[in-house]
file run.csv (CSV, C-alpha atoms)
chain,number,residue,atom,x,y,z
A,1,MET,CA,166.1,165.9,-107.4
A,2,GLY,CA,169.3,165.8,-105.2
A,3,ARG,CA,168.4,169.0,-103.4
A,4,ILE,CA,164.9,167.7,-102.8
A,5,THR,CA,166.2,164.4,-101.3
A,6,ILE,CA,168.7,166.3,-99.0
A,7,LEU,CA,165.9,168.6,-97.9
A,8,ARG,CA,163.6,165.7,-97.2
A,9,ASP,CA,166.3,163.9,-95.2
A,10,PHE,CA,166.9,167.0,-93.2
A,11,ILE,CA,163.2,167.4,-92.5
A,12,GLY,CA,163.0,163.8,-91.5
A,13,ILE,CA,165.8,164.3,-88.9
A,14,ILE,CA,163.9,167.3,-87.5
A,15,LYS,CA,160.7,165.2,-87.3
A,16,ASP,CA,162.5,162.4,-85.5
A,17,LYS,CA,164.0,164.8,-82.9
A,18,ALA,CA,160.6,166.5,-82.4
A,19,SER,CA,158.8,163.2,-81.9
A,20,GLN,CA,161.3,162.1,-79.3
A,21,SER,CA,161.1,165.4,-77.5
A,22,LYS,CA,157.3,165.2,-77.5
A,23,ALA,CA,157.4,161.7,-76.1
A,24,ALA,CA,159.8,162.8,-73.3
A,25,LEU,CA,157.3,165.5,-72.3
A,26,LEU,CA,154.0,163.6,-72.6
A,27,SER,CA,154.7,159.9,-72.2
A,28,ASP,CA,154.1,157.9,-69.0
A,29,PRO,CA,157.5,157.7,-67.2
A,30,LYS,CA,157.0,154.0,-66.8
A,31,THR,CA,156.9,153.4,-70.6
A,32,LEU,CA,159.0,156.4,-71.7
A,33,SER,CA,162.1,154.2,-72.5
A,34,LEU,CA,159.9,151.9,-74.6
A,35,HIS,CA,158.3,154.8,-76.5
A,36,LEU,CA,161.7,156.3,-77.3
A,37,ALA,CA,163.0,152.9,-78.4
A,38,LEU,CA,160.1,152.6,-80.8
A,39,LEU,CA,160.7,156.1,-82.2
A,40,ARG,CA,164.4,155.4,-82.6
A,41,ALA,CA,163.7,152.1,-84.4
A,42,THR,CA,161.3,153.7,-86.8
A,43,THR,CA,163.1,156.8,-88.1
A,44,HIS,CA,162.5,158.7,-91.3
A,45,ASP,CA,165.8,157.5,-92.9
A,46,PRO,CA,164.9,155.3,-95.9
A,47,PHE,CA,168.4,153.7,-96.0
A,48,THR,CA,168.7,152.3,-92.5
A,49,PRO,CA,166.7,149.4,-91.0
A,50,PRO,CA,165.5,149.4,-87.4
A,51,ASP,CA,168.4,149.3,-85.0
A,52,PRO,CA,168.7,145.9,-83.4
A,53,ARG,CA,169.3,147.4,-80.0
A,54,HIS,CA,166.0,149.3,-80.0
A,55,LEU,CA,164.2,146.2,-81.4
A,56,ALA,CA,165.7,144.2,-78.5
A,57,THR,CA,164.4,146.8,-76.0
A,58,LEU,CA,160.9,146.5,-77.5
A,59,LEU,CA,161.0,142.7,-77.5
A,60,ALA,CA,162.2,142.6,-73.9
A,61,SER,CA,159.0,144.4,-72.9
A,62,GLY,CA,157.2,141.2,-73.6
A,63,HIS,CA,158.6,139.8,-70.3
A,64,THR,CA,156.9,142.6,-68.3
A,65,SER,CA,153.3,143.1,-67.4
A,66,ARG,CA,150.4,142.7,-69.8
A,67,ALA,CA,149.5,146.4,-69.3
A,68,THR,CA,153.0,147.5,-70.4
A,69,VAL,CA,152.9,145.2,-73.4
A,70,SER,CA,149.4,146.5,-74.4
A,71,THR,CA,150.8,150.1,-74.3
A,72,VAL,CA,153.7,149.1,-76.5
A,73,ILE,CA,151.4,147.6,-79.1
A,74,GLU,CA,149.1,150.6,-79.0
A,75,ILE,CA,152.1,153.0,-79.5
A,76,LEU,CA,153.4,151.0,-82.4
A,77,MET,CA,150.0,150.8,-84.1
A,78,ASP,CA,149.4,154.5,-83.6
A,79,ARG,CA,152.7,155.4,-85.2
A,80,LEU,CA,152.0,153.0,-88.1
A,81,GLN,CA,148.5,154.3,-88.8
A,82,THR,CA,149.3,158.0,-88.5
A,83,THR,CA,152.5,158.3,-90.4
A,84,ARG,CA,152.5,159.4,-94.1
A,85,ASP,CA,156.2,158.6,-94.5
A,86,ALA,CA,157.0,155.3,-96.3
A,87,SER,CA,160.2,154.7,-94.4
A,88,VAL,CA,158.5,155.0,-91.0
A,89,ALA,CA,155.6,152.8,-92.1
A,90,ILE,CA,157.8,150.0,-93.5
A,91,LYS,CA,160.0,150.1,-90.3
A,92,CYS,CA,156.9,149.8,-88.2
A,93,LEU,CA,155.8,146.8,-90.2
A,94,ILE,CA,159.3,145.2,-89.8
A,95,THR,CA,158.9,145.7,-86.1
A,96,VAL,CA,155.5,144.0,-86.2
A,97,HIS,CA,157.1,141.1,-88.1
A,98,HIS,CA,159.9,140.8,-85.4
A,99,ILE,CA,157.2,140.5,-82.8
A,100,ILE,CA,155.5,137.7,-84.7
A,101,LYS,CA,158.8,135.9,-85.2
A,102,ARG,CA,160.7,136.6,-81.9
A,103,GLY,CA,158.2,138.1,-79.5
A,104,SER,CA,157.1,136.6,-76.2
A,105,PHE,CA,153.6,135.0,-76.0
A,106,ILE,CA,152.2,138.1,-74.4
A,107,LEU,CA,153.5,140.3,-77.1
A,108,GLN,CA,152.2,138.0,-79.8
A,109,ASP,CA,148.9,137.7,-78.1
A,110,GLN,CA,148.4,141.5,-77.7
A,111,LEU,CA,149.3,142.0,-81.4
A,112,SER,CA,146.9,139.3,-82.6
A,113,VAL,CA,143.9,140.8,-80.8
A,114,TYR,CA,144.6,144.4,-81.8
A,115,PRO,CA,142.2,146.1,-82.4
A,116,PHE,CA,139.6,144.5,-80.2
A,117,ASN,CA,137.0,144.5,-82.9
A,118,GLY,CA,139.3,142.6,-85.3
A,119,GLY,CA,138.4,142.7,-88.9
A,120,ARG,CA,140.2,142.4,-92.2
A,121,ASN,CA,142.8,145.0,-93.2
A,122,TYR,CA,143.1,146.1,-89.6
A,123,LEU,CA,146.6,147.6,-90.3
A,124,LYS,CA,144.7,150.1,-92.4
A,125,LEU,CA,147.3,150.7,-95.1
A,126,SER,CA,145.6,149.6,-98.2
A,127,ASN,CA,145.4,153.2,-99.4
A,128,PHE,CA,148.9,154.3,-98.2
A,129,ARG,CA,150.7,156.7,-100.5
A,130,ASP,CA,154.0,158.7,-100.1
A,131,ASN,CA,154.7,160.5,-103.4
A,132,THR,CA,157.5,162.7,-102.0
A,133,THR,CA,160.1,161.1,-104.2
A,134,LEU,CA,160.2,158.2,-106.7
A,135,LEU,CA,161.8,156.0,-104.1
A,136,THR,CA,159.1,156.7,-101.5
A,137,TRP,CA,156.4,156.2,-104.2
A,138,GLU,CA,157.8,152.7,-104.9
A,139,LEU,CA,158.3,152.0,-101.2
A,140,SER,CA,154.6,152.7,-100.8
A,141,TYR,CA,153.9,149.7,-102.9
A,142,TRP,CA,155.9,147.6,-100.5
A,143,VAL,CA,154.1,149.1,-97.5
A,144,ARG,CA,150.7,148.2,-98.9
A,145,TRP,CA,151.8,144.7,-99.9
A,146,TYR,CA,153.7,144.1,-96.6
A,147,ALA,CA,150.8,145.1,-94.5
A,148,LEU,CA,148.4,142.8,-96.3
A,149,TYR,CA,151.0,140.0,-96.1
A,150,LEU,CA,151.3,140.4,-92.3
A,151,GLU,CA,147.6,140.3,-92.0
A,152,ASN,CA,147.6,137.0,-93.9
A,153,LEU,CA,150.4,135.8,-91.7
A,154,LEU,CA,148.4,136.5,-88.5
A,155,GLN,CA,145.3,134.9,-90.0
A,156,THR,CA,147.1,131.8,-91.0
A,157,SER,CA,148.7,131.6,-87.6
A,158,ARG,CA,145.2,131.7,-86.1
A,159,VAL,CA,144.1,128.8,-88.3
A,160,LEU,CA,147.2,126.7,-87.6
A,161,GLY,CA,147.1,127.5,-83.8
A,162,PHE,CA,150.7,128.8,-83.7
A,163,PHE,CA,152.7,131.6,-85.0
A,164,LEU,CA,154.3,130.5,-88.3
A,165,SER,CA,158.1,130.8,-88.4
A,166,SER,CA,158.3,132.1,-84.8
A,167,ALA,CA,161.1,131.0,-82.5
A,168,SER,CA,158.6,129.0,-80.5
A,169,SER,CA,157.6,126.9,-83.5
A,170,SER,CA,161.0,125.5,-84.6
A,171,VAL,CA,161.6,122.7,-87.0
A,172,ASP,CA,162.5,120.5,-84.1
A,173,LYS,CA,158.7,120.2,-83.5
A,174,ASN,CA,158.1,118.6,-86.9
A,175,GLU,CA,157.2,115.2,-85.5
A,176,GLU,CA,154.8,116.7,-83.0
A,177,GLU,CA,153.2,118.8,-85.8
A,178,GLU,CA,152.8,115.7,-88.0
A,179,GLU,CA,151.1,113.9,-85.1
A,180,LYS,CA,148.8,116.8,-84.6
A,181,VAL,CA,148.0,117.0,-88.3
A,182,SER,CA,147.2,113.3,-88.5
A,183,SER,CA,144.4,113.8,-85.9
A,184,LEU,CA,142.6,116.5,-87.8
A,185,ILE,CA,139.4,115.9,-89.7
A,186,ASN,CA,139.4,116.4,-93.5
A,187,SER,CA,137.6,119.8,-93.4
A,188,GLN,CA,140.1,121.2,-90.9
A,189,LEU,CA,143.0,119.9,-92.9
A,190,LEU,CA,141.6,121.5,-96.0
A,191,LYS,CA,141.1,124.8,-94.1
A,192,GLU,CA,144.7,124.8,-93.1
A,193,ILE,CA,146.1,124.1,-96.5
A,194,ASN,CA,143.9,126.7,-98.0
A,195,SER,CA,145.1,129.3,-95.4
A,196,LEU,CA,148.7,128.4,-96.2
A,197,GLY,CA,147.8,128.8,-99.9
A,198,ASN,CA,146.5,132.3,-99.2
A,199,LEU,CA,149.8,133.2,-97.5
A,200,ILE,CA,152.0,131.8,-100.2
A,201,GLU,CA,149.8,133.5,-102.8
A,202,GLN,CA,150.4,136.8,-101.1
A,203,ILE,CA,154.1,136.2,-101.1
A,204,SER,CA,154.0,135.6,-104.8
A,205,ARG,CA,152.4,139.1,-105.3
A,206,MET,CA,155.3,141.0,-103.8
A,207,PRO,CA,156.3,144.1,-105.7
A,208,ASN,CA,159.2,144.0,-108.2
A,209,SER,CA,160.0,147.7,-108.6
A,210,LEU,CA,163.2,148.9,-110.1
A,211,HIS,CA,164.1,151.8,-107.8
A,212,THR,CA,163.9,149.7,-104.6
A,213,ASN,CA,166.4,147.1,-105.8
A,214,GLY,CA,169.2,147.0,-103.3
A,215,ASN,CA,167.3,149.2,-100.8
A,216,ILE,CA,168.3,147.9,-97.3
A,217,LEU,CA,164.7,148.2,-96.0
A,218,VAL,CA,163.4,146.1,-98.8
A,219,ASP,CA,166.2,143.6,-98.4
A,220,GLU,CA,165.3,143.3,-94.7
A,221,VAL,CA,161.7,142.6,-95.6
A,222,LEU,CA,162.8,140.0,-98.2
A,223,GLY,CA,164.9,138.2,-95.7
A,224,MET,CA,162.2,137.9,-93.1
A,225,VAL,CA,159.5,136.9,-95.7
A,226,GLY,CA,161.9,134.4,-97.2
A,227,GLU,CA,162.1,132.6,-93.8
A,228,ASP,CA,158.3,132.6,-93.6
A,229,TYR,CA,158.2,131.1,-97.0
A,230,LEU,CA,160.4,128.2,-96.0
A,231,ALA,CA,158.3,127.6,-92.9
A,232,SER,CA,155.0,127.7,-94.8
A,233,ALA,CA,156.4,125.4,-97.5
A,234,ASN,CA,157.3,122.9,-94.7
A,235,GLU,CA,153.8,123.1,-93.3
A,236,VAL,CA,152.3,122.6,-96.7
A,237,SER,CA,154.6,119.5,-97.2
A,238,ILE,CA,153.3,118.0,-93.9
A,239,ARG,CA,149.7,118.4,-94.9
A,240,VAL,CA,150.3,117.1,-98.5
A,241,SER,CA,151.9,114.0,-97.1
A,242,GLU,CA,148.9,113.5,-94.8
A,243,PHE,CA,146.5,113.8,-97.7
A,244,LYS,CA,148.4,111.1,-99.5
A,245,GLU,CA,147.5,108.8,-96.7
A,246,ARG,CA,143.9,109.8,-96.8
A,247,LEU,CA,143.4,109.9,-100.6
A,248,SER,CA,141.2,106.9,-100.9
A,249,CYS,CA,139.0,108.1,-98.0
A,250,LEU,CA,138.2,111.6,-99.4
A,251,SER,CA,134.8,112.4,-100.7
A,252,VAL,CA,134.2,113.8,-104.2
A,253,PHE,CA,133.9,117.3,-102.9
A,254,GLU,CA,136.9,117.1,-100.6
A,255,SER,CA,139.0,115.8,-103.6
A,256,VAL,CA,137.8,118.7,-105.8
A,257,GLU,CA,138.6,121.3,-103.1
A,258,LEU,CA,142.0,119.7,-102.5
A,259,GLY,CA,142.6,119.7,-106.3
A,260,PHE,CA,141.8,123.5,-106.5
A,261,ALA,CA,144.1,124.2,-103.5
A,262,LEU,CA,147.0,122.3,-105.1
A,263,LYS,CA,146.4,124.0,-108.4
A,264,ARG,CA,146.5,127.4,-106.7
A,265,LEU,CA,149.7,126.6,-105.0
A,266,GLU,CA,151.3,125.5,-108.4
A,267,ASP,CA,150.3,128.9,-109.9
A,268,CYS,CA,152.1,130.6,-107.0
A,269,LYS,CA,155.2,128.5,-107.8
A,270,GLU,CA,155.3,130.0,-111.3
A,271,ARG,CA,155.1,133.6,-110.1
A,272,LEU,CA,157.7,133.0,-107.3
A,273,SER,CA,160.1,131.5,-109.8
A,274,ALA,CA,159.6,134.5,-112.1
A,275,LEU,CA,160.6,136.8,-109.2
A,276,GLY,CA,163.8,134.8,-108.7
A,277,GLN,CA,163.9,135.7,-105.0
A,278,MET,CA,162.4,132.6,-103.4
A,279,ARG,CA,164.4,129.7,-104.9
A,280,ASN,CA,165.6,127.0,-102.6
A,281,VAL,CA,166.4,123.3,-103.2
A,282,LEU,CA,164.3,122.2,-100.3
A,283,VAL,CA,161.3,124.2,-101.5
A,284,GLU,CA,161.7,122.8,-105.0
A,285,THR,CA,161.3,119.3,-103.4
A,286,VAL,CA,158.0,120.5,-101.8
A,287,TRP,CA,156.8,121.8,-105.1
A,288,GLY,CA,157.5,118.4,-106.6
A,289,SER,CA,155.4,116.7,-104.0
A,290,ILE,CA,152.6,119.2,-104.6
A,291,SER,CA,152.6,118.4,-108.3
A,292,GLU,CA,152.7,114.7,-107.7
A,293,MET,CA,149.8,114.9,-105.3
A,294,LYS,CA,147.8,117.0,-107.7
A,295,ASP,CA,148.2,114.3,-110.4
A,296,GLN,CA,147.2,111.6,-107.9
A,297,VAL,CA,144.0,113.5,-107.1
A,298,GLY,CA,143.3,113.9,-110.8
A,299,ASN,CA,143.8,110.2,-111.5
A,300,ASN,CA,141.9,109.0,-108.3
A,301,GLU,CA,138.9,106.9,-108.7
A,302,LEU,CA,137.0,109.8,-107.2
A,303,TYR,CA,137.0,111.2,-110.8
A,304,GLY,CA,136.9,107.9,-112.7
A,305,GLY,CA,134.7,105.4,-110.7
A,306,GLU,CA,131.1,104.9,-112.0
A,307,GLY,CA,129.5,105.3,-108.6
A,308,ARG,CA,131.5,108.5,-107.9
A,309,LEU,CA,130.6,109.9,-111.3
A,310,MET,CA,126.9,109.3,-110.6
A,311,VAL,CA,127.2,111.4,-107.5
A,312,MET,CA,128.8,114.2,-109.4
A,313,GLU,CA,126.3,113.9,-112.2
A,314,SER,CA,123.4,114.0,-109.7
A,315,SER,CA,124.7,117.3,-108.3
A,316,LYS,CA,124.0,118.8,-111.8
A,317,ASN,CA,120.3,117.8,-111.7
A,318,LYS,CA,117.7,120.0,-110.1
A,319,VAL,CA,116.1,118.1,-107.3
A,320,SER,CA,114.1,119.3,-104.3
A,321,GLU,CA,115.7,119.9,-101.0
A,322,SER,CA,113.6,117.2,-99.4
A,323,SER,CA,114.9,114.6,-101.8
A,324,ARG,CA,118.4,115.8,-101.2
A,325,TYR,CA,117.8,115.4,-97.4
A,326,GLY,CA,116.7,111.8,-98.0
A,327,GLU,CA,119.9,111.0,-99.7
A,328,ARG,CA,121.9,112.4,-96.8
A,329,VAL,CA,120.3,110.2,-94.1
A,330,LEU,CA,122.4,107.3,-93.1
A,331,LYS,CA,120.8,103.8,-93.3
A,332,LEU,CA,121.8,100.6,-91.6
A,333,GLY,CA,124.7,99.1,-93.6
A,334,ASP,CA,125.9,102.4,-94.9
A,335,SER,CA,129.7,102.9,-95.0
A,336,VAL,CA,130.9,105.5,-92.4
A,337,ASP,CA,134.5,106.7,-92.5
A,338,PHE,CA,136.3,106.9,-89.2
A,339,PHE,CA,140.0,108.0,-89.2
A,340,LEU,CA,141.8,105.7,-86.8
A,341,GLY,CA,145.5,105.2,-87.1
A,342,ARG,CA,146.1,105.6,-90.8
A,343,PHE,CA,142.4,105.9,-91.5
A,344,SER,CA,141.2,102.4,-92.2
A,345,LYS,CA,137.5,102.3,-93.3
A,346,LEU,CA,135.0,100.7,-90.9
A,347,GLN,CA,131.5,99.6,-91.8
A,348,TYR,CA,128.5,99.7,-89.5
call {"tool": "encode", "arguments": {"input": "run.csv", "output": "structure tokens"}}
result
Amino acid sequence: MGRITILRDFIGIIKDKASQSKAALLSDPKTLSLHLALLRATTHDPFTPPDPRHLATLLASGHTSRATVSTVIEILMDRLQTTRDASVAIKCLITVHHIIKRGSFILQDQLSVYPFNGGRNYLKLSNFRDNTTLLTWELSYWVRWYALYLENLLQTSRVLGFFLSSASSSVDKNEEEEEKVSSLINSQLLKEINSLGNLIEQISRMPNSLHTNGNILVDEVLGMVGEDYLASANEVSIRVSEFKERLSCLSVFESVELGFALKRLEDCKERLSALGQMRNVLVETVWGSISEMKDQVGNNELYGGEGRLMVMESSKNKVSESSRYGERVLKLGDSVDFFLGRFSKLQY
């Protein structure tokens, strides 16, 4: 096994040198330095993370032209999707993560629209396998999980309207975020908390493989994902607090959907606690507020009031679409909810 590892490392060094030589011959002179920086940041060495100097060079490209930035993203994605080496793949994903967290607006924008046809699993790593050694086999689990996690992170960022945990969305903006959240309609607020739930659920599914414990690449991933976890927990907390203000104004179906979302988050808490890698005092406070809110939803009159129960019971009966339509038409004197200030109910 030792000889195989040494031979593999030697072959990796040769591949790195060959890739850099090829880039020097074929790359556009205007972007050659960026191409070389990417290759040097994503070497075949499974025990060294991307060099911060090369990452800084790539991130600095975000302050150049959009055409240059587009080329950088294209080169990065090409390397990610063509490599069969787990170390190269995970370093490419770490680079993507750095762009999400620290990149300029242009870099983040070009990353979020790649490829132009969009689509789920666009990082195309769901079938990634590197069975060269036991270490690379287990790193492959991390590559598949990390790619799916980053896709969820980008999707959640689209729903929220900003890049979660990025330098441009610091905690100093909490008051501004709370004000924005208070202006959202219930359906949008539910969409956001469900999207955050998807992200936290993906975090809870991270691999827990024996042979990658202490690996510096995995530690780098854990550090960055841990920062995202804190940021996402903070965003969940803001939205849970907002729902506490609106609880009496929620419809039956909105309450049911909220209850499911909170239950799913609680299930994630149990899995994250089992991993033992995502424990934090502030996060525990957030989990406490989620549990409290879930109990409030369960005890709300939406589940106990006679009128509300009649609505839920009627949904079980088979009625024609025309009669359903008649029930949905507003009549003079019906109660209509408008969310003004702290959502007082007005009647017209």
call {"tool": "atom_distance", "arguments": {"input": "run.csv", "atom1": "atom CA of Val88 of chain A", "atom2": "atom CA of Asp51 of chain A"}}
result
12.9 Å
call {"tool": "closest_residue", "arguments": {"input": "run.csv", "among": "A:Val72, A:Cys249, A:Ala24, A:Leu80", "to": "Leu107 of chain A", "atoms": "only C-alpha atoms"}}
result
A:Val72
call {"tool": "closest_residue", "arguments": {"input": "run.csv", "among": "A:Leu196, A:Leu93, A:Ser187, A:Gln296", "to": "Ser251 of chain A", "atoms": "only C-alpha atoms"}}
result
A:Ser187
call {"tool": "residues_around", "arguments": {"input": "run.csv", "residues": "segment 160-162 of chain A", "least_positions_apart": "4", "cutoff": "10 Å", "atoms": "only C-alpha atoms", "output": "list of chain:residue names"}}
result
A:Leu154, A:Gln155, A:Thr156, A:Ser166, A:Ser168, A:Ser169, A:Val181, A:Gln188, A:Leu189, A:Lys191, A:Glu192, A:Ile193, A:Ser195, A:Leu196, A:Glu235
call {"tool": "residues_around", "arguments": {"input": "run.csv", "residues": "Ile203 of chain A", "least_positions_apart": "3", "cutoff": "10 Å", "atoms": "all atoms listed in the file", "output": "PyMOL selection string"}}
result
chain A and resi 145-146+148-149+152+197-200+206-207+222+225-226+228-229+268+271-272+278
call {"tool": "atom_distance", "arguments": {"input": "run.csv", "atom1": "atom CA of Leu217 of chain A", "atom2": "atom CA of Leu230 of chain A"}}
result
20.5 Å
call {"tool": "atom_distance", "arguments": {"input": "run.csv", "atom1": "atom CA of Arg239 of chain A", "atom2": "atom CA of Glu254 of chain A"}}
result
14.1 Å
call {"tool": "closest_residue", "arguments": {"input": "run.csv", "among": "A:Thr95, A:Ser21, A:Thr83, A:Thr31", "to": "Glu220 of chain A", "atoms": "all atoms listed in the file"}}
result
A:Thr95
call {"tool": "residues_around", "arguments": {"input": "run.csv", "residues": "Asp85 of chain A", "least_positions_apart": "2", "cutoff": "9 Å", "atoms": "all atoms listed in the file", "output": "PDB file with C-alpha atoms, keeping the file's coordinate frame"}}
result
ATOM      1  CA  HIS A  44     162.500 158.700 -91.300  1.00  0.00           C
ATOM      2  CA  THR A  83     152.500 158.300 -90.400  1.00  0.00           C
ATOM      3  CA  SER A  87     160.200 154.700 -94.400  1.00  0.00           C
ATOM      4  CA  VAL A  88     158.500 155.000 -91.000  1.00  0.00           C
ATOM      5  CA  ALA A  89     155.600 152.800 -92.100  1.00  0.00           C
ATOM      6  CA  ILE A  90     157.800 150.000 -93.500  1.00  0.00           C
ATOM      7  CA  ARG A 129     150.700 156.700-100.500  1.00  0.00           C
ATOM      8  CA  ASP A 130     154.000 158.700-100.100  1.00  0.00           C
ATOM      9  CA  THR A 132     157.500 162.700-102.000  1.00  0.00           C
ATOM     10  CA  THR A 136     159.100 156.700-101.500  1.00  0.00           C
ATOM     11  CA  SER A 140     154.600 152.700-100.800  1.00  0.00           C
TER      12      SER A 140
END
call {"tool": "residues_around", "arguments": {"input": "run.csv", "residues": "Ser273 of chain A", "least_positions_apart": "6", "cutoff": "12 Å", "atoms": "all atoms listed in the file", "output": "MDAnalysis selection string"}}
result
chainID A and resid 203:205 266:267 279:280 283:284 287
call {"tool": "closest_residue", "arguments": {"input": "run.csv", "among": "A:Asn131, A:Thr71, A:Gln20, A:Gln110", "to": "Leu36 of chain A", "atoms": "all atoms listed in the file"}}
result
A:Gln20
call {"tool": "residues_around", "arguments": {"input": "run.csv", "residues": "Ser19 of chain A", "least_positions_apart": "2", "cutoff": "12 Å", "atoms": "all atoms listed in the file", "output": "VMD selection string"}}
result
chain A and resid 12 to 17 21 to 27 35 to 40 42 to 44 79 83
call {"tool": "closest_residue", "arguments": {"input": "run.csv", "among": "A:Glu242, A:Gly298, A:Met293, A:Leu265", "to": "Lys180 of chain A", "atoms": "only C-alpha atoms"}}
result
A:Glu242
call {"tool": "closest_residue", "arguments": {"input": "run.csv", "among": "A:Ala41, A:Leu135, A:Leu153, A:Leu111", "to": "Met77 of chain A", "atoms": "all atoms listed in the file"}}
result
A:Leu111
call {"tool": "build_atoms", "arguments": {"input": "run.csv", "residues": "segment 36-57 of chain A", "atoms": "N, CA and C atoms", "output": "compact mmCIF listing (two decimals), keeping the file's coordinate frame"}}
result
# COMPACT_ATOMS: atom_id res chain seq x y z
N LEU A 36 160.52 155.77 -76.58
CA LEU A 36 161.70 156.30 -77.30
C LEU A 36 162.38 155.24 -78.12
N ALA A 37 162.42 154.02 -77.60
CA ALA A 37 163.00 152.90 -78.40
C ALA A 37 162.26 152.71 -79.68
N LEU A 38 160.94 152.78 -79.62
CA LEU A 38 160.10 152.60 -80.80
C LEU A 38 160.39 153.74 -81.82
N LEU A 39 160.43 154.98 -81.34
CA LEU A 39 160.70 156.10 -82.20
C LEU A 39 162.06 156.02 -82.87
N ARG A 40 163.05 155.56 -82.10
CA ARG A 40 164.40 155.40 -82.60
C ARG A 40 164.54 154.26 -83.60
N ALA A 41 163.66 153.27 -83.45
CA ALA A 41 163.70 152.10 -84.40
C ALA A 41 162.95 152.41 -85.66
N THR A 42 162.10 153.43 -85.67
CA THR A 42 161.30 153.70 -86.80
C THR A 42 161.48 155.17 -87.31
N THR A 43 162.73 155.50 -87.62
CA THR A 43 163.10 156.80 -88.10
C THR A 43 162.65 157.06 -89.52
N HIS A 44 162.85 158.30 -89.97
CA HIS A 44 162.50 158.70 -91.30
C HIS A 44 163.56 158.36 -92.36
N ASP A 45 164.67 157.80 -91.96
CA ASP A 45 165.80 157.50 -92.90
C ASP A 45 165.42 156.29 -93.75
N PRO A 46 165.35 156.46 -95.09
CA PRO A 46 164.90 155.30 -95.90
C PRO A 46 166.06 154.35 -96.24
N PHE A 47 167.25 154.57 -95.67
CA PHE A 47 168.40 153.70 -96.00
C PHE A 47 168.96 152.97 -94.78
N THR A 48 168.27 153.03 -93.65
CA THR A 48 168.70 152.30 -92.50
C THR A 48 167.57 151.50 -91.88
N PRO A 49 167.77 150.20 -91.62
CA PRO A 49 166.70 149.40 -91.00
C PRO A 49 166.60 149.70 -89.52
N PRO A 50 165.59 149.20 -88.86
CA PRO A 50 165.50 149.40 -87.40
C PRO A 50 166.72 148.91 -86.68
N ASP A 51 167.22 149.71 -85.75
CA ASP A 51 168.40 149.30 -85.00
C ASP A 51 168.11 148.12 -84.12
N PRO A 52 168.92 147.07 -84.21
CA PRO A 52 168.70 145.90 -83.40
C PRO A 52 168.61 146.12 -81.90
N ARG A 53 169.35 147.13 -81.43
CA ARG A 53 169.30 147.40 -80.00
C ARG A 53 167.93 147.92 -79.57
N HIS A 54 167.34 148.77 -80.38
CA HIS A 54 166.00 149.30 -80.00
C HIS A 54 164.94 148.21 -80.20
N LEU A 55 165.10 147.35 -81.21
CA LEU A 55 164.20 146.20 -81.40
C LEU A 55 164.27 145.29 -80.15
N ALA A 56 165.50 145.06 -79.66
CA ALA A 56 165.70 144.20 -78.50
C ALA A 56 165.00 144.78 -77.26
N THR A 57 165.05 146.10 -77.13
CA THR A 57 164.40 146.80 -76.00
C THR A 57 162.86 146.53 -76.07
